[in-house]
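Q: Just one file: final14.cif, with mmCIF, C-alpha atoms (C1' of nucleotides).
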data_structure
loop_
_atom_site.label_atom_id
_atom_site.label_comp_id
_atom_site.auth_asym_id
_atom_site.auth_seq_id
_atom_site.Cartn_x
_atom_site.Cartn_y
_atom_site.Cartn_z
CA MET A 497 8.52 41.93 3.42
CA SER A 498 9.44 44.71 0.97
CA SER A 499 7.31 45.17 -2.11
CA GLN A 500 9.58 46.44 -4.89
CA GLU A 501 10.40 42.95 -6.15
CA PRO A 502 13.88 42.21 -4.82
CA ASN A 503 16.28 39.95 -6.66
CA THR A 504 15.70 36.25 -7.00
CA ARG A 505 18.08 35.19 -4.26
CA THR A 506 16.32 37.45 -1.80
CA ARG A 507 12.92 36.28 -2.96
CA ILE A 508 14.00 32.69 -2.33
CA LEU A 509 15.23 33.52 1.16
CA GLU A 510 12.01 35.32 1.98
CA ALA A 511 9.96 32.43 0.66
CA THR A 512 11.96 29.98 2.76
CA TRP A 513 11.55 32.15 5.81
CA ALA A 514 7.81 32.40 5.31
CA LEU A 515 7.37 28.67 4.77
CA LEU A 516 9.49 27.58 7.72
CA ASP A 517 7.75 30.10 9.95
CA SER A 518 4.34 28.84 8.97
CA ASN A 519 5.33 25.26 9.70
CA PRO A 520 8.28 25.14 12.10
CA GLY A 521 10.45 22.08 11.95
CA VAL A 522 8.78 20.49 8.97
CA ALA A 523 11.53 21.18 6.40
CA ALA A 524 9.59 22.43 3.41
CA ARG A 525 10.38 20.72 0.13
CA MET A 526 12.43 22.45 -2.50
CA SER A 527 9.44 22.45 -4.83
CA ASP A 528 7.28 24.18 -2.20
CA ILE A 529 9.87 26.87 -1.71
CA ALA A 530 10.24 27.34 -5.45
CA ARG A 531 6.50 27.73 -5.87
CA GLN A 532 6.30 30.19 -2.99
CA ALA A 533 9.14 32.23 -4.48
CA GLY A 534 7.58 32.14 -7.95
CA VAL A 535 10.59 30.43 -9.45
CA SER A 536 11.48 27.03 -10.83
CA ARG A 537 12.78 24.34 -8.51
CA GLN A 538 16.06 24.26 -10.39
CA ALA A 539 16.58 27.98 -9.92
CA LEU A 540 17.07 27.29 -6.21
CA TYR A 541 20.17 25.28 -7.05
CA LEU A 542 21.59 28.21 -8.99
CA HIS A 543 21.73 30.18 -5.74
CA PHE A 544 22.27 27.54 -3.08
CA PRO A 545 24.15 24.26 -3.41
CA ASN A 546 21.53 22.26 -1.51
CA ARG A 547 18.62 22.46 0.85
CA THR A 548 20.69 22.55 4.01
CA GLU A 549 22.76 25.48 2.80
CA LEU A 550 19.60 27.30 1.80
CA PHE A 551 18.27 26.95 5.32
CA ILE A 552 21.54 28.02 6.86
CA ALA A 553 21.58 31.06 4.59
CA THR A 554 18.06 31.84 5.76
CA THR A 555 19.15 31.97 9.40
CA LYS A 556 21.91 34.42 8.47
CA PHE A 557 19.43 36.43 6.45
CA GLN A 558 17.24 36.65 9.55
CA ASP A 559 20.09 37.69 11.79
CA GLU A 560 20.83 40.55 9.42
CA ALA A 561 17.20 41.51 9.08
CA PHE A 562 16.82 41.65 12.85
CA ASN A 563 20.10 43.36 13.50
CA VAL A 564 21.30 41.00 16.21
CA GLU A 565 24.20 43.19 17.26
CA GLU A 566 21.86 46.08 17.95
CA ARG A 567 19.77 43.93 20.25
CA LEU A 568 22.68 42.95 22.40
CA ARG A 569 23.86 46.45 23.14
CA PRO A 570 21.83 46.96 26.35
CA SER A 571 23.22 43.73 27.73
CA ARG A 572 26.80 44.71 26.91
CA SER A 573 26.56 48.14 28.47
CA ALA A 574 25.03 46.97 31.74
CA GLN A 575 26.74 48.25 34.87
CA THR A 576 26.35 45.39 37.35
CA GLY A 577 26.48 41.65 36.78
CA LEU A 578 22.87 41.33 37.77
CA GLU A 579 21.79 43.93 35.26
CA ARG A 580 23.81 42.25 32.59
CA LEU A 581 22.26 38.86 33.32
CA ASP A 582 18.80 40.32 33.28
CA ALA A 583 19.37 42.22 30.04
CA TRP A 584 20.79 39.11 28.40
CA VAL A 585 17.86 36.90 29.38
CA GLU A 586 15.52 39.60 28.16
CA ALA A 587 17.35 40.03 24.85
CA TRP A 588 17.68 36.36 23.98
CA GLY A 589 14.26 35.42 25.31
CA SER A 590 12.69 38.06 23.10
CA TYR A 591 14.68 36.95 20.10
CA ILE A 592 13.61 33.29 20.21
CA PRO A 593 10.04 33.74 18.93
CA LYS A 594 11.33 35.67 15.93
CA ILE A 595 13.71 32.99 14.78
CA TYR A 596 11.80 29.99 16.06
CA GLY A 597 10.43 28.65 12.77
CA VAL A 598 13.73 28.56 10.94
CA ALA A 599 15.85 27.65 13.96
CA LYS A 600 13.61 24.74 14.80
CA THR A 601 13.87 23.40 11.28
CA LEU A 602 17.63 23.61 11.40
CA ARG A 603 17.63 21.85 14.74
CA VAL A 604 15.57 18.98 13.39
CA MET A 605 17.76 18.65 10.32
CA ALA A 606 20.85 18.74 12.51
CA GLU A 607 19.97 15.25 13.70
CA THR A 608 20.52 13.72 10.29
CA ASP A 609 22.58 16.23 8.32
CA ALA A 610 26.20 16.93 9.21
CA ASP A 611 26.25 20.46 7.76
CA ALA A 612 23.05 21.41 9.53
CA SER A 613 24.48 19.99 12.73
CA ARG A 614 27.60 22.12 12.43
CA ALA A 615 25.55 25.26 11.74
CA TRP A 616 23.21 24.56 14.62
CA HIS A 617 26.01 23.99 17.09
CA GLU A 618 27.78 27.13 15.94
CA ARG A 619 24.62 29.08 16.57
CA MET A 620 24.20 27.56 20.00
CA GLN A 621 27.82 28.30 20.84
CA ASP A 622 27.27 31.94 19.92
CA MET A 623 24.31 32.00 22.28
CA ARG A 624 26.42 30.35 24.95
CA GLU A 625 28.92 33.18 24.66
CA GLY A 626 26.21 35.58 25.83
CA CYS A 627 25.52 33.31 28.80
CA ALA A 628 29.20 33.06 29.64
CA ALA A 629 29.58 36.85 29.53
CA ALA A 630 26.69 37.32 31.94
CA VAL A 631 28.12 34.72 34.31
CA ARG A 632 31.56 36.36 34.14
CA ALA A 633 30.02 39.69 35.03
CA LEU A 634 28.33 38.13 38.05
CA ALA A 635 31.57 36.50 39.15
CA ALA A 636 33.44 39.79 38.80
CA ASP A 637 30.84 41.42 41.06
CA GLY A 638 31.03 38.60 43.54
CA THR A 639 27.31 38.01 43.08
CA LEU A 640 27.57 34.63 41.36
CA VAL A 641 25.98 31.85 43.36
CA GLN A 642 28.56 29.68 45.08
CA ASP A 643 27.19 26.25 44.22
CA HIS A 644 28.73 26.24 40.74
CA ASP A 645 31.93 27.33 39.08
CA GLU A 646 31.70 29.67 36.10
CA THR A 647 31.53 26.90 33.53
CA GLY A 648 28.84 25.06 35.45
CA ALA A 649 26.81 28.21 35.88
CA THR A 650 27.12 28.91 32.17
CA ASP A 651 25.95 25.37 31.40
CA ILE A 652 22.89 25.93 33.54
CA LEU A 653 21.98 29.30 32.07
CA TRP A 654 22.55 28.03 28.56
CA THR A 655 20.30 25.03 29.15
CA MET A 656 17.65 27.16 30.82
CA LEU A 657 17.52 29.52 27.85
CA SER A 658 17.28 26.82 25.21
CA ILE A 659 14.81 27.13 22.39
CA ASP A 660 13.42 23.77 23.47
CA ASN A 661 12.44 25.19 26.85
CA TRP A 662 10.85 28.20 25.21
CA GLU A 663 8.93 25.79 23.01
CA ALA A 664 7.83 23.64 25.93
CA LEU A 665 6.47 26.56 27.94
CA THR A 666 4.93 28.71 25.23
CA ARG A 667 3.79 26.07 22.77
CA ASP A 668 3.13 22.94 24.80
CA CYS A 669 2.02 24.62 28.03
CA GLY A 670 0.39 27.63 26.39
CA TRP A 671 2.30 30.33 28.22
CA SER A 672 2.31 33.81 26.72
CA GLN A 673 5.62 35.30 25.65
CA ASP A 674 5.37 37.82 28.48
CA ARG A 675 4.83 35.14 31.06
CA TYR A 676 7.73 33.13 29.67
CA LEU A 677 10.01 36.13 29.82
CA ALA A 678 8.99 37.15 33.33
CA HIS A 679 9.50 33.60 34.58
CA LEU A 680 12.91 33.19 33.01
CA ARG A 681 14.22 36.50 34.22
CA LYS A 682 13.24 35.63 37.74
CA LEU A 683 14.47 32.06 37.49
CA ALA A 684 17.88 33.07 36.18
CA ILE A 685 18.35 35.48 39.05
CA GLN A 686 17.10 32.99 41.61
CA VAL A 687 19.33 30.18 40.42
CA LEU A 688 22.50 32.06 39.51
CA THR A 689 22.87 35.00 41.86
CA ARG A 690 23.30 35.13 45.56
CA VAL A 691 21.64 37.76 47.67
CA MET B 209 19.46 -9.61 26.01
CA SER B 210 18.33 -13.24 26.42
CA SER B 211 20.21 -15.92 24.55
CA GLN B 212 17.72 -18.69 23.79
CA GLU B 213 16.77 -17.25 20.38
CA PRO B 214 13.47 -15.46 21.00
CA ASN B 215 10.80 -15.19 18.36
CA THR B 216 11.20 -13.00 15.31
CA ARG B 217 9.10 -10.11 16.55
CA THR B 218 11.19 -9.86 19.69
CA ARG B 219 14.42 -10.15 17.74
CA ILE B 220 13.29 -7.23 15.57
CA LEU B 221 12.45 -5.12 18.60
CA GLU B 222 15.80 -5.89 20.19
CA ALA B 223 17.61 -5.05 16.97
CA THR B 224 15.75 -1.75 16.71
CA TRP B 225 16.55 -0.94 20.30
CA ALA B 226 20.24 -1.66 19.80
CA LEU B 227 20.46 0.39 16.63
CA LEU B 228 18.61 3.40 17.96
CA ASP B 229 20.66 3.31 21.14
CA SER B 230 23.90 3.27 19.22
CA ASN B 231 22.86 6.24 17.13
CA PRO B 232 20.18 8.27 18.92
CA GLY B 233 17.89 10.33 16.75
CA VAL B 234 19.16 9.07 13.43
CA ALA B 235 16.22 6.83 12.51
CA ALA B 236 17.89 3.66 11.30
CA ARG B 237 16.73 2.38 7.91
CA MET B 238 14.49 -0.62 7.65
CA SER B 239 17.23 -2.53 5.84
CA ASP B 240 19.69 -1.85 8.66
CA ILE B 241 17.26 -3.11 11.25
CA ALA B 242 16.53 -6.20 9.18
CA ARG B 243 20.21 -6.99 8.84
CA GLN B 244 20.78 -6.48 12.55
CA ALA B 245 17.88 -8.80 13.37
CA GLY B 246 19.07 -11.41 10.86
CA VAL B 247 15.85 -11.23 8.91
CA SER B 248 14.69 -9.97 5.52
CA ARG B 249 13.55 -6.37 5.17
CA GLN B 250 10.10 -7.54 4.19
CA ALA B 251 9.75 -9.59 7.34
CA LEU B 252 9.63 -6.34 9.28
CA TYR B 253 6.42 -5.46 7.49
CA LEU B 254 4.90 -8.78 8.51
CA HIS B 255 5.15 -7.68 12.14
CA PHE B 256 4.81 -3.90 12.00
CA PRO B 257 2.81 -1.85 9.51
CA ASN B 258 5.54 0.75 9.04
CA ARG B 259 8.69 2.21 10.50
CA THR B 260 6.95 4.61 12.83
CA GLU B 261 4.87 1.86 14.41
CA LEU B 262 7.96 -0.27 14.80
CA PHE B 263 9.63 2.51 16.74
CA ILE B 264 6.57 3.11 18.87
CA ALA B 265 6.41 -0.60 19.64
CA THR B 266 10.06 -0.44 20.65
CA THR B 267 9.34 2.24 23.27
CA LYS B 268 6.61 0.04 24.74
CA PHE B 269 8.93 -2.93 24.66
CA GLN B 270 11.45 -0.88 26.65
CA ASP B 271 8.90 0.22 29.20
CA GLU B 272 8.02 -3.41 29.83
CA ALA B 273 11.64 -4.49 29.96
CA PHE B 274 12.44 -1.81 32.52
CA ASN B 275 9.33 -2.32 34.56
CA VAL B 276 8.32 1.32 34.71
CA GLU B 277 5.64 0.78 37.33
CA GLU B 278 8.17 -0.75 39.69
CA ARG B 279 10.41 2.29 39.40
CA LEU B 280 7.69 4.68 40.40
CA ARG B 281 6.75 2.95 43.62
CA PRO B 282 9.14 4.87 45.89
CA SER B 283 7.75 8.12 44.56
CA ARG B 284 4.14 7.02 45.11
CA SER B 285 4.70 5.89 48.67
CA ALA B 286 6.50 9.02 49.80
CA GLN B 287 5.20 10.57 53.00
CA THR B 288 5.71 14.28 52.48
CA GLY B 289 5.35 16.39 49.36
CA LEU B 290 9.03 17.18 49.40
CA GLU B 291 9.96 13.51 49.55
CA ARG B 292 7.60 12.78 46.75
CA LEU B 293 9.06 15.50 44.56
CA ASP B 294 12.57 14.33 45.26
CA ALA B 295 11.76 10.68 44.58
CA TRP B 296 10.03 11.62 41.34
CA VAL B 297 12.93 13.68 40.04
CA GLU B 298 15.26 10.86 40.99
CA ALA B 299 13.10 8.20 39.31
CA TRP B 300 12.53 10.03 36.05
CA GLY B 301 16.01 11.49 35.89
CA SER B 302 17.47 8.00 36.22
CA TYR B 303 15.13 6.62 33.60
CA ILE B 304 16.05 9.09 30.86
CA PRO B 305 19.48 7.67 29.98
CA LYS B 306 17.97 4.21 29.57
CA ILE B 307 15.37 5.27 27.04
CA TYR B 308 17.28 8.13 25.48
CA GLY B 309 18.24 6.52 22.17
CA VAL B 310 14.78 5.38 21.22
CA ALA B 311 12.95 8.34 22.75
CA LYS B 312 15.14 10.80 20.94
CA THR B 313 14.48 9.11 17.63
CA LEU B 314 10.77 9.24 18.23
CA ARG B 315 11.03 12.89 19.14
CA VAL B 316 12.85 13.71 15.90
CA MET B 317 10.34 11.75 13.82
CA ALA B 318 7.50 13.47 15.65
CA GLU B 319 8.35 16.65 13.76
CA THR B 320 7.40 15.17 10.42
CA ASP B 321 5.27 12.13 11.17
CA ALA B 322 1.79 12.50 12.63
CA ASP B 323 1.73 9.08 14.31
CA ALA B 324 5.13 9.59 15.88
CA SER B 325 3.96 12.98 17.08
CA ARG B 326 0.91 11.49 18.74
CA ALA B 327 2.98 8.77 20.44
CA TRP B 328 5.59 11.25 21.60
CA HIS B 329 3.04 13.60 23.10
CA GLU B 330 1.28 10.74 24.84
CA ARG B 331 4.56 9.73 26.41
CA MET B 332 5.28 13.27 27.52
CA GLN B 333 1.80 13.58 28.98
CA ASP B 334 2.39 10.43 31.01
CA MET B 335 5.57 11.98 32.33
CA ARG B 336 3.68 15.17 33.10
CA GLU B 337 1.31 13.18 35.26
CA GLY B 338 4.21 12.32 37.55
CA CYS B 339 5.09 16.02 37.76
CA ALA B 340 1.51 16.95 38.52
CA ALA B 341 1.29 14.36 41.29
CA ALA B 342 4.43 15.70 42.95
CA VAL B 343 3.13 19.26 42.73
CA ARG B 344 -0.22 18.21 44.19
CA ALA B 345 1.56 16.56 47.09
CA LEU B 346 3.47 19.75 47.78
CA ALA B 347 0.30 21.81 47.61
CA ALA B 348 -1.44 19.43 50.01
CA ASP B 349 1.45 19.89 52.46
CA GLY B 350 1.37 23.64 52.04
CA THR B 351 5.00 23.52 50.91
CA LEU B 352 4.40 24.52 47.29
CA VAL B 353 6.08 27.78 46.39
CA GLN B 354 3.60 30.64 46.18
CA ASP B 355 4.72 32.23 42.93
CA HIS B 356 2.81 29.74 40.78
CA ASP B 357 -0.48 27.92 40.81
CA GLU B 358 -0.46 24.12 40.55
CA THR B 359 -0.68 24.07 36.78
CA GLY B 360 2.09 26.61 36.40
CA ALA B 361 4.31 24.72 38.83
CA THR B 362 3.66 21.52 36.90
CA ASP B 363 4.58 23.27 33.66
CA ILE B 364 7.87 24.35 35.18
CA LEU B 365 8.76 20.96 36.60
CA TRP B 366 7.80 19.22 33.39
CA THR B 367 9.96 21.56 31.34
CA MET B 368 12.85 21.26 33.75
CA LEU B 369 12.78 17.47 33.52
CA SER B 370 12.62 17.31 29.73
CA ILE B 371 14.81 14.89 27.84
CA ASP B 372 16.15 17.89 25.93
CA ASN B 373 17.54 19.39 29.12
CA TRP B 374 19.08 16.09 30.11
CA GLU B 375 20.65 15.99 26.68
CA ALA B 376 21.95 19.55 26.90
CA LEU B 377 23.64 19.01 30.25
CA THR B 378 24.98 15.50 29.90
CA ARG B 379 25.76 15.37 26.20
CA ASP B 380 26.48 18.96 25.15
CA CYS B 381 27.98 20.18 28.43
CA GLY B 382 29.57 16.88 29.40
CA TRP B 383 27.98 16.50 32.82
CA SER B 384 27.98 13.07 34.41
CA GLN B 385 24.66 11.43 35.13
CA ASP B 386 25.31 11.83 38.86
CA ARG B 387 25.98 15.51 38.53
CA TYR B 388 22.86 15.96 36.41
CA LEU B 389 20.75 14.17 38.96
CA ALA B 390 22.16 16.04 41.94
CA HIS B 391 21.62 19.36 40.19
CA LEU B 392 18.06 18.62 39.18
CA ARG B 393 17.03 17.38 42.58
CA LYS B 394 18.34 20.52 44.17
CA LEU B 395 16.92 22.77 41.48
CA ALA B 396 13.44 21.29 41.71
CA ILE B 397 13.38 21.83 45.44
CA GLN B 398 14.76 25.33 45.19
CA VAL B 399 12.30 26.43 42.52
CA LEU B 400 9.15 24.65 43.65
CA THR B 401 9.15 24.44 47.42
CA ARG B 402 9.11 27.10 50.03
CA VAL B 403 11.11 26.87 53.20
"C1'" DC C 378 1.48 -40.28 4.98
"C1'" DC C 379 -0.29 -36.43 2.66
"C1'" DT C 380 -2.26 -31.76 3.06
"C1'" DT C 381 -2.65 -27.31 4.93
"C1'" DT C 382 -1.01 -23.56 7.34
"C1'" DT C 383 2.38 -20.53 9.12
"C1'" DG C 384 6.37 -17.73 8.80
"C1'" DC C 385 9.74 -16.20 6.25
"C1'" DT C 386 12.38 -15.47 1.74
"C1'" DT C 387 13.37 -13.44 -2.86
"C1'" DG C 388 12.66 -10.32 -6.42
"C1'" DA C 389 10.22 -6.74 -8.64
"C1'" DC C 390 7.97 -2.39 -8.60
"C1'" DA C 391 5.55 2.24 -7.65
"C1'" DC C 392 6.24 6.51 -5.40
"C1'" DT C 393 8.51 10.58 -3.34
"C1'" DG C 394 12.03 13.77 -2.94
"C1'" DT C 395 16.96 15.37 -3.71
"C1'" DG C 396 20.43 16.65 -6.62
"C1'" DT C 397 22.72 16.71 -11.52
"C1'" DA C 398 22.86 17.71 -16.31
"C1'" DA C 399 21.83 19.45 -21.00
"C1'" DA C 400 19.52 22.16 -24.23
"C1'" DT C 401 16.66 26.45 -24.73
"C1'" DT C 402 14.94 31.23 -24.28
"C1'" DG C 403 15.05 36.20 -23.45
"C1'" DA C 404 17.28 40.33 -22.14
"C1'" DC C 405 20.87 43.22 -22.07
"C1'" DA C 406 25.79 45.13 -23.12
"C1'" DG C 407 29.41 46.15 -26.10
"C1'" DC D 636 25.42 40.87 -34.39
"C1'" DT D 637 27.49 38.47 -30.73
"C1'" DG D 638 28.45 37.02 -26.31
"C1'" DT D 639 26.89 36.37 -21.80
"C1'" DC D 640 24.00 35.91 -17.97
"C1'" DA D 641 19.86 34.33 -15.53
"C1'" DA D 642 16.40 31.48 -15.53
"C1'" DT D 643 13.53 27.84 -17.76
"C1'" DT D 644 12.18 23.07 -19.17
"C1'" DT D 645 12.91 18.39 -19.44
"C1'" DA D 646 15.20 14.29 -18.23
"C1'" DC D 647 17.47 11.26 -15.28
"C1'" DA D 648 20.18 8.81 -11.38
"C1'" DC D 649 19.73 7.56 -6.69
"C1'" DA D 650 18.00 6.40 -2.03
"C1'" DG D 651 14.57 4.79 0.88
"C1'" DT D 652 9.67 3.41 2.05
"C1'" DG D 653 6.01 0.56 1.40
"C1'" DT D 654 3.36 -3.04 -1.65
"C1'" DC D 655 2.77 -7.25 -4.14
"C1'" DA D 656 3.26 -11.98 -5.85
"C1'" DA D 657 5.40 -16.33 -5.95
"C1'" DG D 658 7.98 -19.77 -3.65
"C1'" DC D 659 9.74 -22.65 0.06
"C1'" DA D 660 10.44 -25.25 4.35
"C1'" DA D 661 9.06 -26.80 8.63
"C1'" DA D 662 5.35 -27.57 11.89
"C1'" DA D 663 0.55 -28.96 12.62
"C1'" DG D 664 -3.41 -31.67 11.73
"C1'" DG D 665 -6.31 -35.04 9.47
#
Can you turn what I pasted into structure tokens?

A:
Amino acid sequence: MSSQEPNTRTRILEATWALLDSNPGVAARMSDIARQAGVSRQALYLHFPNRTELFIATTKFQDEAFNVEERLRPSRSAQTGLERLDAWVEAWGSYIPKIYGVAKTLRVMAETDADASRAWHERMQDMREGCAAAVRALAADGTLVQDHDETGATDILWTMLSIDNWEALTRDCGWSQDRYLAHLRKLAIQVLTRV
Amino acid sequence: MSSQEPNTRTRILEATWALLDSNPGVAARMSDIARQAGVSRQALYLHFPNRTELFIATTKFQDEAFNVEERLRPSRSAQTGLERLDAWVEAWGSYIPKIYGVAKTLRVMAETDADASRAWHERMQDMREGCAAAVRALAADGTLVQDHDETGATDILWTMLSIDNWEALTRDCGWSQDRYLAHLRKLAIQVLTRV
DNA sequence: CCTTTTGCTTGACACTGTGTAAATTGACAG
DNA sequence: CTGTCAATTTACACAGTGTCAAGCAAAAGG
């Protein structure tokens, strides 16, 4: 990203990011990452205890680089519940493609690695918090659909917004990001709000 | 399943099934499967070329055991498009929990193994065919929602019915199978049909 | 009855990838 | 000059997959 040769730790994180992005889910080998970063394989272990922690650190590195908090501001300052829901779907839906490569890798590793699993679930719980806030705002307005209680509605929104669903529509079905986003915004409103 | 000591190949498949079911996604080791089947590790390689093919064979074994074709009959013989959609969601949604353990494992392996990936996608394409048929039936009735063309509607139904979504709702959110099924039937109708 | 075949066993081994450890080099600070 | 820090190289232990060769026991076939 930057050109004035950052420190080794940062170079490693950038290399990991680049590799996972170019091959989402495949869990690059430590030697690949080392080569990409222009460093010995053992140097990786001087900065990160193991591969899982390196990947987890990469997700945090991304969150900083993208300034997550900044992105959520429009959603937080929305006036009505409906606006808040819409802004949240928009914000998260736009964020997915940026983090997809690394997130997907972590998700795959989560199946076999306990630390990766913990990190992945934490991340998904954070995302759920955004869903819950939108649902609360709807409920406060009295515009939440009546079929579900707040928890159930949050479950539905959270599932709807999963990275897996983004992957299915944009990667397997070939939808553009714009089409995905338009569909999800409409779907969320249709399923969760009452007119 | 049966008790009159079946042949070795079948015993291996049953052992694999049991292990993958008891720990979905974790990709049991060949030695574990061998122990479970009461057979040497090498015997596995006499019947299956490698672990991936063993798992693929296990999914086919399951499909036979469950008589997939039988399950789809109600959906195929439905009169209206709406009935057909509903029967399809019901049929597939009820099938997921039965195949979850093995399917999930295959899905995880698909990220790193080319053969597993091919098998997984084939399976998902078969499932998509059921979605497409339901959408076609709606379109023929003139009850398909107008926001999407047939392909788009199929994409949406297929995504909605993914194993990942079943997993999110029933395993992560703690929904019962009945609740999942009721929700999905309603959701499919709400999103895909017009009144 | 002996021979062959079939199906499985045991034991050894090559290969890949992770993670650990020890000894070495080069640069820089006091 | 000395100590220290960051990174390097080389070596190795360990787990798990897949391959290979030799042996063995029971069924099948003449």

Q: Enumerate, as a short mmCIF file (atom, residue, chain, number, x, y, z; two decimals) with C-alpha atoms, in the coordinates of the input, the residues matched when the PyMOL selection byres ((chain A) within 12 of (chain B)) is run on the file above.

A:
data_model
loop_
_atom_site.label_atom_id
_atom_site.label_comp_id
_atom_site.auth_asym_id
_atom_site.auth_seq_id
_atom_site.Cartn_x
_atom_site.Cartn_y
_atom_site.Cartn_z
CA ASN A 519 5.33 25.26 9.70
CA PRO A 520 8.28 25.14 12.10
CA GLY A 521 10.45 22.08 11.95
CA VAL A 522 8.78 20.49 8.97
CA ALA A 523 11.53 21.18 6.40
CA ALA A 524 9.59 22.43 3.41
CA LYS A 600 13.61 24.74 14.80
CA THR A 601 13.87 23.40 11.28
CA LEU A 602 17.63 23.61 11.40
CA ARG A 603 17.63 21.85 14.74
CA VAL A 604 15.57 18.98 13.39
CA MET A 605 17.76 18.65 10.32
CA ALA A 606 20.85 18.74 12.51
CA GLU A 607 19.97 15.25 13.70
CA THR A 608 20.52 13.72 10.29
CA ASP A 609 22.58 16.23 8.32
CA ALA A 610 26.20 16.93 9.21
CA HIS A 617 26.01 23.99 17.09
CA MET A 620 24.20 27.56 20.00
CA GLN A 621 27.82 28.30 20.84
CA ARG A 624 26.42 30.35 24.95
CA ASP A 643 27.19 26.25 44.22
CA HIS A 644 28.73 26.24 40.74
CA THR A 647 31.53 26.90 33.53
CA GLY A 648 28.84 25.06 35.45
CA ALA A 649 26.81 28.21 35.88
CA THR A 650 27.12 28.91 32.17
CA ASP A 651 25.95 25.37 31.40
CA ILE A 652 22.89 25.93 33.54
CA LEU A 653 21.98 29.30 32.07
CA TRP A 654 22.55 28.03 28.56
CA THR A 655 20.30 25.03 29.15
CA MET A 656 17.65 27.16 30.82
CA LEU A 657 17.52 29.52 27.85
CA SER A 658 17.28 26.82 25.21
CA ILE A 659 14.81 27.13 22.39
CA ASP A 660 13.42 23.77 23.47
CA ASN A 661 12.44 25.19 26.85
CA TRP A 662 10.85 28.20 25.21
CA GLU A 663 8.93 25.79 23.01
CA ALA A 664 7.83 23.64 25.93
CA LEU A 665 6.47 26.56 27.94
CA THR A 666 4.93 28.71 25.23
CA ARG A 667 3.79 26.07 22.77
CA ASP A 668 3.13 22.94 24.80
CA CYS A 669 2.02 24.62 28.03
CA GLY A 670 0.39 27.63 26.39
CA TRP A 671 2.30 30.33 28.22
CA ARG A 675 4.83 35.14 31.06
CA TYR A 676 7.73 33.13 29.67
CA ALA A 678 8.99 37.15 33.33
CA HIS A 679 9.50 33.60 34.58
CA LEU A 680 12.91 33.19 33.01
CA LYS A 682 13.24 35.63 37.74
CA LEU A 683 14.47 32.06 37.49
CA ALA A 684 17.88 33.07 36.18
CA ILE A 685 18.35 35.48 39.05
CA GLN A 686 17.10 32.99 41.61
CA VAL A 687 19.33 30.18 40.42
CA LEU A 688 22.50 32.06 39.51
#

Q: Between CA of Thr266 (chain B) and CA of Pro282 (chain B), what is the distance, to one decimal in Å?

A: 25.8 Å

Q: Which is closest to Glu565 (chain A) among A:Tyr591, A:Leu640, A:Ala533, A:Gln538, if we use only C-alpha atoms?

A: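 For Glu565 (chain A), the nearest of the given residues is A:Tyr591.
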
Q: For chain A, report every residue with an atom at most 9 Å from chain D (counting all atoms listed in the file), formatted as a PyMOL selection string.

A: chain A and resi 535-536+538-539+542

Q: For the selection you just gave me, I'd like the residues written to a file as a PDB file, in the coordinates of the input, keeping C-alpha atoms.

A:
ATOM      1  CA  VAL A 535      10.590  30.430  -9.450  1.00  0.00           C
ATOM      2  CA  SER A 536      11.480  27.030 -10.830  1.00  0.00           C
ATOM      3  CA  GLN A 538      16.060  24.260 -10.390  1.00  0.00           C
ATOM      4  CA  ALA A 539      16.580  27.980  -9.920  1.00  0.00           C
ATOM      5  CA  LEU A 542      21.590  28.210  -8.990  1.00  0.00           C
TER       6      LEU A 542
END

Q: Listing only residues of chain C within 9 Å of chain B, what is the closest atom pair and its distance in Å (to one decimal) for each, using only C-alpha atoms (C1' of nucleotides), sorted by chain and residue number ascending, as a tab-separated table?

A:
residue	atom	partner	partner_atom	distance
C:DG384	C1'	B:Ala251	CA	8.9
C:DC385	C1'	B:Ala251	CA	6.7
C:DT386	C1'	B:Ser248	CA	7.1

Q: Between CA of Ala574 (chain A) and CA of Ala615 (chain A), what distance in Å does the model show, to one decimal?

A: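 For CA of Ala574 (chain A) relative to CA of Ala615 (chain A), the distance reads 29.5 Å.
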
Q: How far is it from CA of Ala511 (chain A) to CA of Ala530 (chain A), in Å with one decimal?

A: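 Interatomic distance, CA of Ala511 (chain A) to CA of Ala530 (chain A): 8.0 Å.
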
Q: Name all residues at most 9 Å from Ala629 (chain A) (count only C-alpha atoms (C1' of nucleotides); drop same-chain ones fewer than 2 positions away) and give them as a list in words.

A: Arg572, Arg580, Leu581, Arg624, Glu625, Gly626, Cys627, Val631, Arg632, Ala633, Leu634 and Thr650 of chain A

Q: Produce the centre coordinates and the three edge lengths, each in Å to one decimal, of the box along x, y and z that contains all listed atoms of region 653-661 of chain D with 6 Å added on each side, as lines of an AutoDock Vina configuration file.

A:
center_x = 6.6
center_y = -13.1
center_z = 1.3
size_x = 19.7
size_y = 39.4
size_z = 26.6
